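Undergrad: You'll find input_19.txt just under this line, and it carries compact mmCIF, C-alpha atoms.
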```txt
# COMPACT_ATOMS: atom_id res chain seq x y z
CA MET A 25 0.00 0.00 0.00
CA THR A 26 1.50 3.32 -1.09
CA ARG A 27 1.69 6.01 1.54
CA THR A 28 -0.21 9.16 0.56
CA ARG A 29 1.89 12.31 0.43
CA ASN A 30 0.79 15.16 2.67
CA PRO A 31 -1.63 17.18 0.48
CA LEU A 32 -0.19 20.54 1.52
CA TRP A 33 3.36 19.48 0.67
CA GLN A 34 2.10 18.08 -2.63
CA THR A 35 0.42 21.38 -3.48
CA LEU A 36 3.56 23.34 -2.52
CA VAL A 37 5.88 21.40 -4.84
CA THR A 38 3.43 21.22 -7.76
CA LEU A 39 2.39 24.88 -7.82
CA ARG A 40 3.17 26.66 -11.07
CA GLY A 41 2.70 30.12 -12.53
CA ASN A 42 1.22 32.95 -10.48
CA PRO A 43 0.20 30.82 -7.46
CA ARG A 44 3.80 29.67 -7.17
CA ALA A 45 5.14 33.24 -7.47
CA CYS A 46 2.73 34.58 -4.85
CA VAL A 47 3.25 31.76 -2.35
CA TRP A 48 7.01 31.43 -2.73
CA THR A 49 7.69 35.16 -2.25
CA GLU A 50 5.55 35.39 0.92
CA PRO A 51 8.35 34.26 3.31
CA LEU A 52 10.02 37.62 2.65
CA TRP A 53 7.23 39.05 4.82
CA GLY A 54 8.97 37.29 7.70
CA LEU A 55 12.22 39.11 7.02
CA SER A 56 10.49 42.47 6.85
CA MET A 57 7.14 43.41 8.39
CA ALA A 58 6.73 40.40 10.67
CA LEU A 59 9.98 41.27 12.46
CA VAL A 60 8.76 44.68 13.51
CA LEU A 61 4.94 44.71 13.60
CA PRO A 62 4.83 42.93 17.01
CA TYR A 63 6.56 46.03 18.41
CA LEU A 64 4.45 48.69 16.72
CA SER A 65 1.94 49.22 19.55
CA VAL A 66 4.55 49.26 22.33
CA PHE A 67 6.73 51.52 20.13
CA MET A 68 3.82 53.97 20.00
CA LEU A 69 3.42 53.75 23.79
CA ALA A 70 7.15 54.44 24.20
CA LEU A 71 6.80 57.63 22.13
CA GLY A 72 3.94 58.91 24.29
CA VAL A 73 0.94 57.72 22.25
CA HIS A 74 -1.73 56.50 24.71
CA ASP A 75 -4.18 53.60 24.38
CA ALA A 76 -7.13 55.61 23.04
CA GLN A 77 -4.91 57.21 20.39
CA ILE A 78 -3.58 53.78 19.37
CA GLY A 79 -7.16 52.60 18.92
CA LEU A 80 -8.00 55.76 16.95
CA ILE A 81 -5.01 55.20 14.66
CA ALA A 82 -6.18 51.62 14.05
CA SER A 83 -9.70 52.83 13.18
CA VAL A 84 -8.42 55.63 10.92
CA GLY A 85 -6.26 53.05 9.17
CA MET A 86 -9.31 50.89 8.59
CA VAL A 87 -11.28 53.84 7.18
CA SER A 88 -8.37 54.54 4.83
CA GLN A 89 -8.52 50.91 3.78
CA VAL A 90 -12.23 51.32 3.04
CA VAL A 91 -11.53 54.21 0.65
CA PHE A 92 -8.68 52.42 -1.09
CA GLY A 93 -10.58 49.14 -1.06
CA PHE A 94 -13.56 50.64 -2.89
CA ALA A 95 -11.26 51.95 -5.61
CA GLY A 96 -9.28 48.72 -5.67
CA GLY A 97 -11.51 46.91 -8.16
CA ILE A 98 -11.31 49.73 -10.72
CA ILE A 99 -7.56 50.14 -10.31
CA THR A 100 -6.97 46.39 -10.58
CA ASP A 101 -9.05 46.11 -13.76
CA ARG A 102 -7.52 49.19 -15.37
CA LEU A 103 -3.83 48.57 -14.56
CA GLY A 104 -3.93 44.79 -14.41
CA ARG A 105 -3.35 42.47 -11.47
CA ARG A 106 0.43 42.30 -11.82
CA TRP A 107 1.23 46.00 -12.20
CA THR A 108 -1.28 47.07 -9.54
CA THR A 109 0.29 44.69 -7.04
CA ALA A 110 3.77 46.07 -7.69
CA VAL A 111 2.84 49.76 -7.50
CA PHE A 112 0.56 49.57 -4.49
CA ASP A 113 2.82 47.29 -2.47
CA VAL A 114 5.35 50.11 -2.61
CA ILE A 115 2.73 52.69 -1.60
CA ALA A 116 1.18 50.54 1.13
CA TRP A 117 4.31 49.15 2.77
CA VAL A 118 7.61 50.71 1.66
CA ILE A 119 6.49 54.33 2.19
CA PRO A 120 4.80 53.74 5.60
CA CYS A 121 7.90 51.88 6.80
CA VAL A 122 9.98 54.98 6.11
CA ILE A 123 7.45 57.11 8.01
CA TRP A 124 7.42 54.69 10.96
CA ALA A 125 11.23 54.59 11.01
CA PHE A 126 11.38 58.35 11.61
CA ALA A 127 8.16 58.74 13.65
CA GLN A 128 8.21 61.17 16.57
CA ASN A 129 4.60 61.45 17.75
CA PHE A 130 0.94 60.62 17.14
CA TRP A 131 0.79 62.51 13.83
CA PHE A 132 3.52 60.42 12.19
CA PHE A 133 1.67 57.22 13.06
CA LEU A 134 -1.61 58.67 11.82
CA ALA A 135 -0.01 59.60 8.49
CA ALA A 136 1.52 56.14 8.13
CA ALA A 137 -1.87 54.53 8.85
CA LEU A 138 -3.53 56.64 6.14
CA VAL A 139 -0.94 55.64 3.52
CA ASN A 140 -0.93 52.02 4.69
CA GLY A 141 -4.64 51.89 3.80
CA ALA A 142 -3.50 51.33 0.20
CA THR A 143 -2.87 47.74 1.27
CA GLN A 144 -6.49 47.03 0.33
CA VAL A 145 -5.76 47.77 -3.32
CA THR A 146 -2.84 45.38 -3.42
CA SER A 147 -4.72 42.78 -1.35
CA ASN A 148 -7.40 42.72 -4.04
CA SER A 149 -4.99 42.63 -6.97
CA TRP A 150 -2.69 40.09 -5.26
CA ASP A 151 -5.62 37.77 -4.54
CA CYS A 152 -6.73 37.98 -8.17
CA LEU A 153 -3.16 37.41 -9.38
CA MET A 154 -2.84 34.33 -7.20
CA VAL A 155 -6.18 32.55 -7.72
CA GLU A 156 -7.57 33.49 -11.13
CA ASP A 157 -5.44 30.98 -13.05
CA ALA A 158 -5.39 28.42 -10.23
CA GLU A 159 -7.51 25.28 -9.99
CA ARG A 160 -10.52 25.86 -7.73
CA SER A 161 -9.93 22.54 -5.98
CA GLN A 162 -6.57 23.91 -4.76
CA LEU A 163 -7.85 27.18 -3.26
CA THR A 164 -8.07 26.11 0.39
CA ARG A 165 -4.57 24.61 0.18
CA ILE A 166 -3.16 27.70 -1.55
CA TYR A 167 -4.50 29.93 1.23
CA SER A 168 -3.13 27.47 3.79
CA LEU A 169 0.28 27.80 2.14
CA VAL A 170 -0.01 31.60 2.24
CA ARG A 171 -0.62 31.33 5.98
CA VAL A 172 2.33 28.95 6.35
CA ALA A 173 4.58 31.30 4.36
CA ALA A 174 3.60 34.20 6.61
CA ASP A 175 4.21 32.03 9.66
CA CYS A 176 7.76 31.36 8.48
CA SER A 177 8.47 34.74 10.06
CA ALA A 178 8.71 32.79 13.31
CA LEU A 179 12.17 31.65 12.29
CA PHE A 180 13.44 35.23 12.30
CA ALA A 181 11.82 36.53 15.51
CA PRO A 182 15.00 36.10 17.61
CA ILE A 183 16.70 38.69 15.37
CA ALA A 184 14.29 41.36 16.59
CA ALA A 185 14.58 40.20 20.20
CA ILE A 186 18.39 40.43 20.11
CA LEU A 187 18.28 43.91 18.58
CA VAL A 188 15.84 45.16 21.21
CA ALA A 189 17.90 43.64 24.02
CA GLN A 190 21.14 45.13 22.69
CA LEU A 191 20.00 48.52 21.38
CA GLY A 192 16.84 49.26 23.35
CA LEU A 193 13.26 49.38 22.07
CA GLU A 194 13.20 52.67 20.16
CA PRO A 195 16.46 52.47 18.14
CA ALA A 196 15.93 48.76 17.41
CA VAL A 197 12.40 49.31 16.07
CA ARG A 198 13.56 52.20 13.88
CA LEU A 199 16.30 50.00 12.43
CA LEU A 200 13.82 47.18 11.83
CA PHE A 201 11.48 49.50 9.92
CA VAL A 202 14.36 50.56 7.64
CA ASN A 203 15.10 46.88 7.02
CA ALA A 204 11.40 46.23 6.32
CA ALA A 205 11.30 48.96 3.67
CA ILE A 206 14.29 47.45 1.85
CA VAL A 207 13.12 43.83 2.01
CA MET A 208 9.55 44.69 0.97
CA LEU A 209 10.93 46.53 -2.06
CA ALA A 210 12.92 43.40 -2.97
CA LYS A 211 9.75 41.31 -2.56
CA VAL A 212 7.85 43.61 -4.94
CA ILE A 213 10.55 43.30 -7.62
CA TRP A 214 10.84 39.53 -7.24
CA LEU A 215 7.08 38.92 -7.46
CA TYR A 216 6.76 41.17 -10.51
CA ARG A 217 9.52 39.30 -12.36
CA TRP A 218 8.16 35.84 -11.49
CA SER A 219 4.50 36.48 -12.30
CA ARG A 220 2.50 37.28 -15.42
CA GLU A 221 -0.85 38.93 -16.02
CA THR A 222 -3.81 36.57 -15.58
CA ARG A 223 -6.16 35.66 -18.43
CA ARG A 224 -9.07 37.38 -16.71
CA GLY A 225 -6.84 40.39 -16.01
CA GLU A 226 -5.99 40.77 -19.71
CA ILE A 227 -9.69 40.62 -20.57
CA ARG A 228 -10.62 43.25 -17.97
CA MET A 229 -7.75 45.54 -19.05
CA ALA A 230 -9.04 45.40 -22.63
CA GLN A 231 -12.65 45.96 -21.54
CA THR A 232 -11.85 48.96 -19.35
CA ARG A 233 -9.36 50.63 -21.69
CA GLY A 234 -10.75 54.03 -22.65
CA GLU A 235 -13.64 53.82 -20.17
CA SER A 236 -14.21 56.81 -17.91
CA ILE A 237 -13.83 56.49 -14.15
CA TRP A 238 -17.52 57.32 -13.67
CA ARG A 239 -18.59 54.56 -16.03
CA LEU A 240 -16.33 52.10 -14.23
CA LEU A 241 -17.78 53.20 -10.89
CA GLY A 242 -21.23 52.57 -12.33
CA GLY A 243 -20.17 48.97 -12.89
CA TYR A 244 -20.17 48.47 -9.14
CA ARG A 245 -23.98 48.48 -9.25
CA ALA A 246 -24.02 45.21 -11.19
CA ALA A 247 -21.31 43.78 -8.91
CA LEU A 248 -23.37 44.78 -5.86
CA GLY A 249 -26.38 43.00 -7.33
CA LEU A 250 -24.34 39.81 -7.78
CA LEU A 251 -23.15 40.05 -4.19
CA LEU A 252 -26.59 40.69 -2.69
CA ARG A 253 -28.22 37.85 -4.63
CA SER A 254 -25.76 35.28 -3.32
CA ARG A 255 -26.55 33.95 0.16
CA GLY A 256 -23.22 32.16 0.18
CA ALA A 257 -21.29 35.33 -0.67
CA LEU A 258 -23.12 37.27 2.06
CA LEU A 259 -22.31 34.59 4.64
CA ALA A 260 -18.66 34.54 3.54
CA LEU A 261 -18.68 38.34 3.83
CA ALA A 262 -20.05 38.25 7.38
CA ILE A 263 -17.50 35.64 8.46
CA ALA A 264 -14.63 37.60 6.89
CA ALA A 265 -15.79 40.82 8.61
CA LEU A 266 -15.83 39.13 12.02
CA VAL A 267 -12.38 37.63 11.42
CA ALA A 268 -11.06 41.05 10.30
CA ALA A 269 -12.39 42.74 13.46
CA VAL A 270 -10.88 40.09 15.73
CA THR A 271 -7.58 40.27 13.83
CA LEU A 272 -7.52 44.07 14.14
CA VAL A 273 -8.02 43.99 17.90
CA ASN A 274 -5.50 41.20 18.46
CA GLY A 275 -2.90 42.76 16.16
CA THR A 276 -3.20 46.09 17.98
CA PHE A 277 -3.60 45.12 21.64
CA TRP A 278 -2.30 41.57 22.17
CA GLN A 279 1.25 42.80 22.74
CA VAL A 280 -0.05 45.68 24.87
CA VAL A 281 -1.89 43.39 27.31
CA VAL A 282 1.10 41.02 27.49
CA SER A 283 3.59 43.83 28.08
CA ALA A 284 1.64 46.36 30.17
CA HIS A 285 -0.80 44.09 32.03
CA LEU A 286 1.06 40.78 32.40
CA HIS A 287 4.51 42.46 32.75
CA VAL A 288 6.35 40.39 30.16
CA PRO A 289 9.70 42.07 29.25
CA ASP A 290 9.83 43.84 25.86
CA ALA A 291 12.73 41.71 24.64
CA LEU A 292 10.53 38.60 24.87
CA LEU A 293 7.60 39.98 22.87
CA PRO A 294 8.71 38.62 19.44
CA PHE A 295 8.90 35.08 20.83
CA PHE A 296 5.13 34.91 21.31
CA PRO A 297 4.36 35.46 17.59
CA MET A 298 7.21 33.03 16.89
CA VAL A 299 5.65 30.27 18.99
CA ARG A 300 2.19 31.01 17.58
CA SER A 301 3.52 30.85 14.03
CA LEU A 302 5.39 27.58 14.58
CA LEU A 303 2.31 25.99 16.11
CA SER A 304 0.13 27.35 13.32
CA MET A 305 2.44 25.82 10.69
CA LEU A 306 2.31 22.51 12.52
CA PHE A 307 -1.49 22.55 12.55
CA LEU A 308 -1.72 23.67 8.92
CA PHE A 309 0.38 20.69 7.82
CA THR A 310 -1.34 18.14 10.06
CA LEU A 311 -4.73 18.68 11.68
CA ILE A 312 -6.24 21.56 9.67
CA PRO A 313 -6.07 19.79 6.26
CA ARG A 314 -7.91 16.81 7.78
CA LEU A 315 -10.69 19.05 9.05
CA SER A 316 -11.01 21.19 5.91
CA THR A 317 -10.94 18.66 3.05
CA GLY A 318 -14.44 17.25 3.51
CA VAL A 319 -17.47 17.80 1.34
CA ASP A 320 -18.51 20.87 3.35
CA LEU A 321 -16.48 23.42 5.34
CA LYS A 322 -19.12 24.11 8.00
CA ALA A 323 -17.64 21.82 10.66
CA ALA A 324 -14.16 23.22 10.02
CA THR A 325 -15.46 26.78 10.44
CA LEU A 326 -17.17 25.88 13.72
CA TRP A 327 -13.94 24.31 14.99
CA GLY A 328 -11.97 27.41 14.01
CA PHE A 329 -14.29 29.88 15.76
CA GLY A 330 -14.70 27.65 18.84
CA VAL A 331 -10.99 27.06 19.47
CA TYR A 332 -10.11 30.71 18.78
CA LEU A 333 -12.79 31.73 21.29
CA ALA A 334 -11.25 29.45 23.92
CA GLY A 335 -7.84 31.11 23.40
CA GLN A 336 -9.28 34.60 23.85
CA VAL A 337 -11.10 33.59 27.04
CA VAL A 338 -7.90 32.11 28.50
CA LEU A 339 -6.06 35.39 27.79
CA VAL A 340 -8.74 37.43 29.58
CA PHE A 341 -8.52 35.34 32.75
CA ILE A 342 -4.74 35.09 33.11
CA PRO A 343 -4.05 36.68 36.51
CA ALA A 344 -1.45 39.46 36.49
CA ALA A 345 1.50 38.87 38.81
CA SER A 346 2.30 41.59 41.33
CA GLY A 347 5.72 42.14 39.78
CA ALA A 348 7.34 40.54 36.73
CA ALA A 349 5.55 37.75 34.89
CA ASP A 350 5.91 34.42 36.73
CA ALA A 351 5.87 30.77 35.64
CA ARG A 352 2.06 30.57 35.85
CA THR A 353 1.75 33.58 33.54
CA TYR A 354 3.99 31.99 30.89
CA ALA A 355 2.24 28.61 31.22
CA LEU A 356 -1.20 30.14 30.64
CA LEU A 357 0.13 32.26 27.78
CA GLY A 358 1.40 28.98 26.29
CA VAL A 359 -2.12 27.53 26.45
CA CYS A 360 -3.48 30.73 24.89
CA LEU A 361 -0.94 30.53 22.05
CA LEU A 362 -1.76 26.87 21.42
CA LEU A 363 -5.47 27.62 21.04
CA ASP A 364 -4.93 30.85 19.09
CA SER A 365 -2.53 29.23 16.63
CA PHE A 366 -5.08 26.61 15.63
CA GLY A 367 -8.13 28.88 15.73
CA ALA A 368 -6.58 31.87 13.95
CA GLY A 369 -4.93 29.66 11.32
CA MET A 370 -8.21 27.88 10.62
CA VAL A 371 -10.46 30.95 10.42
CA PHE A 372 -7.96 32.95 8.34
CA MET A 373 -7.68 30.20 5.73
CA LEU A 374 -11.44 29.55 5.69
CA SER A 375 -12.54 33.20 5.59
CA GLU A 376 -10.30 33.87 2.57
CA SER A 377 -11.25 30.61 0.88
CA LEU A 378 -15.01 31.07 1.35
CA VAL A 379 -14.89 34.55 -0.19
CA ALA A 380 -12.96 33.19 -3.20
CA LEU A 381 -15.23 30.16 -3.59
CA HIS A 382 -18.49 32.11 -3.53
CA VAL A 383 -17.40 35.05 -5.72
CA ASP A 384 -18.59 35.42 -9.33
CA GLU A 385 -15.51 34.70 -11.46
CA ALA A 386 -16.38 37.12 -14.28
CA GLU A 387 -16.60 40.06 -11.87
CA ARG A 388 -14.02 38.87 -9.35
CA SER A 389 -12.04 42.10 -8.91
CA ARG A 390 -15.07 44.38 -8.45
CA VAL A 391 -17.02 41.97 -6.26
CA MET A 392 -13.98 41.31 -4.09
CA ALA A 393 -13.30 45.06 -3.89
CA LEU A 394 -16.86 45.57 -2.65
CA GLN A 395 -16.45 42.74 -0.18
CA ARG A 396 -13.21 44.18 1.16
CA THR A 397 -14.80 47.62 1.45
CA VAL A 398 -17.69 46.23 3.50
CA ILE A 399 -15.30 44.16 5.62
CA MET A 400 -13.16 47.19 6.43
CA LEU A 401 -16.23 49.35 7.17
CA ALA A 402 -17.54 46.70 9.55
CA ALA A 403 -14.18 46.22 11.26
CA ALA A 404 -13.09 49.89 11.43
CA PRO A 405 -14.99 50.91 14.61
CA PHE A 406 -13.44 48.09 16.60
CA GLY A 407 -10.02 49.72 16.66
CA TRP A 408 -11.37 52.79 18.44
CA ILE A 409 -13.74 50.73 20.63
CA SER A 410 -10.96 48.38 21.73
CA GLY A 411 -8.67 51.36 22.44
CA TRP A 412 -11.37 52.91 24.63
CA LEU A 413 -11.86 49.57 26.42
CA SER A 414 -8.10 49.09 26.86
CA GLY A 415 -7.84 52.50 28.48
CA MET A 416 -10.16 51.23 31.25
CA ASP A 417 -8.86 47.65 31.49
CA ARG A 418 -6.21 46.06 29.26
CA THR A 419 -8.12 42.75 29.10
CA TRP A 420 -11.46 44.19 27.99
CA PRO A 421 -10.63 44.30 24.25
CA PHE A 422 -10.49 40.51 24.40
CA LEU A 423 -13.92 40.27 25.96
CA LEU A 424 -15.00 42.13 22.83
CA THR A 425 -13.24 39.65 20.52
CA SER A 426 -14.78 36.77 22.47
CA GLY A 427 -18.23 38.18 21.77
CA LEU A 428 -17.43 38.52 18.06
CA LEU A 429 -16.27 34.90 17.90
CA VAL A 430 -19.47 33.74 19.60
CA LEU A 431 -21.38 35.62 16.89
CA GLY A 432 -19.31 33.79 14.28
CA LEU A 433 -20.28 30.45 15.81
CA VAL A 434 -23.97 31.38 15.77
CA LEU A 435 -23.88 32.61 12.16
CA THR A 436 -22.06 29.52 10.95
CA ALA A 437 -24.42 27.16 12.77
CA ALA A 438 -27.63 28.93 11.73
CA ARG A 439 -26.94 30.44 8.28
CA TRP A 440 -24.44 28.14 6.57
CA VAL A 441 -24.58 27.93 2.76
CA PRO A 442 -22.52 25.20 1.01
CA HIS A 443 -20.40 26.51 -1.86
CA HIS A 444 -21.16 25.40 -5.42
CA ASP A 445 -18.19 23.02 -5.69
CA VAL A 446 -19.60 20.74 -2.99
CA GLU A 447 -20.95 18.17 -5.43
CA ALA A 448 -17.64 17.87 -7.22
CA LYS A 449 -15.49 17.50 -4.14
CA PRO A 450 -16.00 13.80 -3.26
CA THR A 451 -14.69 12.71 -6.66
CA ALA A 452 -11.68 15.02 -6.41
CA ARG A 453 -10.91 13.82 -2.91
CA ALA A 454 -11.21 10.18 -3.91
CA SER A 455 -8.78 10.65 -6.78
CA GLU A 456 -6.27 12.35 -4.45
CA SER A 457 -6.42 9.43 -2.01
CA ALA A 458 -5.92 6.78 -4.69
```
Take the structure in the file and write it out as structure tokens.

TA:
Amino acid sequence: MTRTRNPLWQTLVTLRGNPRACVWTEPLWGLSMALVLPYLSVFMLALGVHDAQIGLIASVGMVSQVVFGFAGGIITDRLGRRWTTAVFDVIAWVIPCVIWAFAQNFWFFLAAALVNGATQVTSNSWDCLMVEDAERSQLTRIYSLVRVAADCSALFAPIAAILVAQLGLEPAVRLLFVNAAIVMLAKVIWLYRWSRETRRGEIRMAQTRGESIWRLLGGYRAALGLLLRSRGALLALAIAALVAAVTLVNGTFWQVVVSAHLHVPDALLPFFPMVRSLLSMLFLFTLIPRLSTGVDLKAATLWGFGVYLAGQVVLVFIPAASGAADARTYALLGVCLLLDSFGAGMVFMLSESLVALHVDEAERSRVMALQRTVIMLAAAPFGWISGWLSGMDRTWPFLLTSGLLVLGLVLTAARWVPHHDVEAKPTARASESA
């Protein structure tokens, strides 16, 4: 009896074309943004930005993403997936990194957040570049690989920890932002050279050539109709919005609660994302594929929300030591990381996959731009709300995320809509297991 190769490994080595280019360049994120983003909130605190202002910056950034996200479909169709990704990756990441590197006060961070909102344009174009020429049966595995590639940043976390320990928080973070700008620019160039324009992208570029901006904006009406008529797309949209809100709060305040409430030293902060990433990679190569390769993804989604919820509840109830963090604090944080790594990895992969599976292929860029706009609008208030809550009690933002995850469980259980590839999946799965 022949042993079946791990499906995620098989997908990784057999990827070709744009999916290969997008997945294989993602580890550069670990050598750039992932090294420094865990320090961004505590860096702001060190420069005198208080909790409510940090939350406001997060919300303003989300509003900026809404504006850019709405325009993302038009820009992606007009310039093409490949060129849009290159140009707006520079705008969304290289330029903000330079601003962050020289930041002095609240206004620098606010400006960087406004420019960083352009990430929604490149998120749309990058998604289209990656999936439009890919086989639909591979989408969940491709998004799993994207998550794994991002989690490879765990391997480089000690670099940031050593720099902070040797240089101090502020100079080390400034140096890391300069490094991030350089590496992200290299990533942009590499992806552009490895990829090519998609077939759908060439069609949309030809169709939109010479069209006025107002006429292209009018095309959103038809895309909105497609979105509103699809129960599956609306469910995927709701799930993605909840995941985005939870991700926003965790990305902004997880390090704050660990540093300021649980008294974990700053030099140790990068090791928590490192452990989470390593565990997430382990789950993505072992348990998660087993739970997400069935005929329907409902059970997998319920598992993702439920385990993520458990991790957030554990974080809320970790007692703060009177002085420095003690052994009990680190043990409970380990349990939290174990649950979060599985839950966050599962819901990230599923939320992205469900949106891609339910979208109308002919209008992918505009429908996905609308979806991203709605997602950002729904998530935007939670940055300010969580900042306000954190100002009163550093654990309260995670009571908020717990409530959002409970809502995700209820929506999935009560309103689930199978995607239209469900009937074809058993045959595909049987052939893979042969």

Undergrad: Report as JSON lines: every residue of segment 254-327 of chain A with an atom at most 12 Å from segment 167-173 of chain A, its closest pair of atoms, and their distance in Å to one decimal, counting all atoms listed in the file, with rows sorted by chain and ascending residue number.

TA:
```
{"residue": "A:Arg300", "atom": "CA", "partner": "A:Val172", "partner_atom": "CA", "distance": 11.4}
{"residue": "A:Ser301", "atom": "CA", "partner": "A:Val172", "partner_atom": "CA", "distance": 8.0}
{"residue": "A:Leu302", "atom": "CA", "partner": "A:Val172", "partner_atom": "CA", "distance": 8.9}
{"residue": "A:Leu303", "atom": "CA", "partner": "A:Val172", "partner_atom": "CA", "distance": 10.2}
{"residue": "A:Ser304", "atom": "CA", "partner": "A:Val172", "partner_atom": "CA", "distance": 7.5}
{"residue": "A:Met305", "atom": "CA", "partner": "A:Val172", "partner_atom": "CA", "distance": 5.4}
{"residue": "A:Leu306", "atom": "CA", "partner": "A:Val172", "partner_atom": "CA", "distance": 8.9}
{"residue": "A:Phe307", "atom": "CA", "partner": "A:Val172", "partner_atom": "CA", "distance": 9.7}
{"residue": "A:Leu308", "atom": "CA", "partner": "A:Ser168", "partner_atom": "CA", "distance": 6.5}
{"residue": "A:Phe309", "atom": "CA", "partner": "A:Val172", "partner_atom": "CA", "distance": 8.6}
{"residue": "A:Thr310", "atom": "CA", "partner": "A:Ser168", "partner_atom": "CA", "distance": 11.4}
{"residue": "A:Leu311", "atom": "CA", "partner": "A:Ser168", "partner_atom": "CA", "distance": 11.9}
{"residue": "A:Ile312", "atom": "CA", "partner": "A:Ser168", "partner_atom": "CA", "distance": 8.9}
{"residue": "A:Pro313", "atom": "CA", "partner": "A:Ser168", "partner_atom": "CA", "distance": 8.6}
{"residue": "A:Ser316", "atom": "CA", "partner": "A:Ser168", "partner_atom": "CA", "distance": 10.3}
{"residue": "A:Thr317", "atom": "CA", "partner": "A:Ser168", "partner_atom": "CA", "distance": 11.8}
```

Undergrad: Convert the current residue selection to file output with C-alpha atoms, as a short mmCIF file (atom, residue, chain, number, x, y, z; two decimals), keeping the file's coordinate frame.

TA:
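Okay, out_21.cif is ready:
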```
data_model
loop_
_atom_site.label_atom_id
_atom_site.label_comp_id
_atom_site.auth_asym_id
_atom_site.auth_seq_id
_atom_site.Cartn_x
_atom_site.Cartn_y
_atom_site.Cartn_z
CA ARG A 300 2.19 31.01 17.58
CA SER A 301 3.52 30.85 14.03
CA LEU A 302 5.39 27.58 14.58
CA LEU A 303 2.31 25.99 16.11
CA SER A 304 0.13 27.35 13.32
CA MET A 305 2.44 25.82 10.69
CA LEU A 306 2.31 22.51 12.52
CA PHE A 307 -1.49 22.55 12.55
CA LEU A 308 -1.72 23.67 8.92
CA PHE A 309 0.38 20.69 7.82
CA THR A 310 -1.34 18.14 10.06
CA LEU A 311 -4.73 18.68 11.68
CA ILE A 312 -6.24 21.56 9.67
CA PRO A 313 -6.07 19.79 6.26
CA SER A 316 -11.01 21.19 5.91
CA THR A 317 -10.94 18.66 3.05
#
```

Undergrad: Could you tell me which of A:Gln279, A:Thr271, A:Ser65, A:Gln77 comes closest to Leu428 of chain A if we count only C-alpha atoms?

TA: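 Among the listed residues, A:Thr271 lies closest to Leu428 of chain A.
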
Undergrad: Pick the closest to Asp101 of chain A from A:Met392, A:Ala324, A:Ala268, A:Ala158: which is it, counting all atoms listed in the file?

TA: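 Going through A:Met392, A:Ala324, A:Ala268, A:Ala158 one by one, the smallest distance to Asp101 of chain A is for A:Met392.
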
Undergrad: What's the separation between atom CA of Gly93 of chain A and atom CA of Val145 of chain A, in Å to one decimal place?

TA: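 A separation of 5.5 Å between them.
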
Undergrad: Between atom CA of Leu179 of chain A and atom CA of Leu52 of chain A, what distance in Å does the model show, to one decimal?

TA: 11.5 Å

Undergrad: Determine the nearest neighbour of Ala82 of chain A from the options A:Gly369, A:Gly54, A:Pro405, A:Pro294, counting only C-alpha atoms.

TA: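 So, comparing all the options, the nearest one is A:Pro405.
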
Undergrad: Considering only C-alpha atoms, return as an MDAnalysis selection string whatever protein or nucleic-acid residues lie within 6 Å of segment 214-231 of chain A, sequence-local ones (same chain, fewer than 4 positions apart) excluded.

TA: chainID A and resid 42 45 101:102 104 106

Undergrad: Using only C-alpha atoms, what table do you get, as a tab-separated table, when you list each residue of segment 88-115 of chain A with an atom no more than 6 Å from segment 137-144 of chain A, its nearest pair of atoms, and their distance in Å rounded to one decimal, rows by chain then rising number?

TA:
```
residue	atom	partner	partner_atom	distance
A:Ser88	CA	A:Gly141	CA	4.7
A:Gln89	CA	A:Gly141	CA	4.0
A:Phe92	CA	A:Ala142	CA	5.4
A:Gly93	CA	A:Gln144	CA	4.8
```

Undergrad: What does the structure give for the distance between atom CA of Trp124 of chain A and atom CA of Gly407 of chain A, in Å to one decimal?

TA: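 For atom CA of Trp124 of chain A relative to atom CA of Gly407 of chain A, the distance reads 19.0 Å.
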
Undergrad: So that I can see what lies close to Ser147 of chain A, please list as a ChimeraX atom specification the residues with an atom at most 10 Å from it, counting only C-alpha atoms and leaving out residues fewer than 6 positions away in the same chain.

TA: /A:93,96,108-109,112-113,153,392-393,396

Undergrad: From the options A:Ala262, A:Val338, A:Ile183, A:Val398, which residue's atoms come nearest to Ala196 of chain A, counting all atoms listed in the file?

TA: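 Looking only at the distances to Ala196 of chain A, the closest residue turns out to be A:Ile183.
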
Undergrad: Please provide as a list of chain:residue names all residues within 10 Å of Leu36 of chain A, with the sequence filter that same-chain residues fewer than 4 positions apart are discarded (counting all atoms listed in the file).

TA: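 Listing them by chain and then by number gives A:Pro31, A:Leu32, A:Arg40, A:Pro43, A:Arg44, A:Val47, A:Trp48, A:Arg165, A:Ile166, A:Leu169.
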
Undergrad: Print the selection's residues with C-alpha atoms to a file, as a PDB file, keeping the file's coordinate frame.

TA:
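Contents of out_13.pdb, freshly written:
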```pdb
ATOM      1  CA  PRO A  31      -1.630  17.180   0.480  1.00  0.00           C
ATOM      2  CA  LEU A  32      -0.190  20.540   1.520  1.00  0.00           C
ATOM      3  CA  ARG A  40       3.170  26.660 -11.070  1.00  0.00           C
ATOM      4  CA  PRO A  43       0.200  30.820  -7.460  1.00  0.00           C
ATOM      5  CA  ARG A  44       3.800  29.670  -7.170  1.00  0.00           C
ATOM      6  CA  VAL A  47       3.250  31.760  -2.350  1.00  0.00           C
ATOM      7  CA  TRP A  48       7.010  31.430  -2.730  1.00  0.00           C
ATOM      8  CA  ARG A 165      -4.570  24.610   0.180  1.00  0.00           C
ATOM      9  CA  ILE A 166      -3.160  27.700  -1.550  1.00  0.00           C
ATOM     10  CA  LEU A 169       0.280  27.800   2.140  1.00  0.00           C
TER      11      LEU A 169
END
```

Undergrad: Just the residues within 9 Å of segment 414-424 of chain A, please, counting all atoms listed in the file, with nothing from its chain fewer than 5 positions along; format it as a ChimeraX atom specification.

TA: /A:74-76,79,270,273-274,277-278,280-281,284-285,336-337,339-341,406,409,429
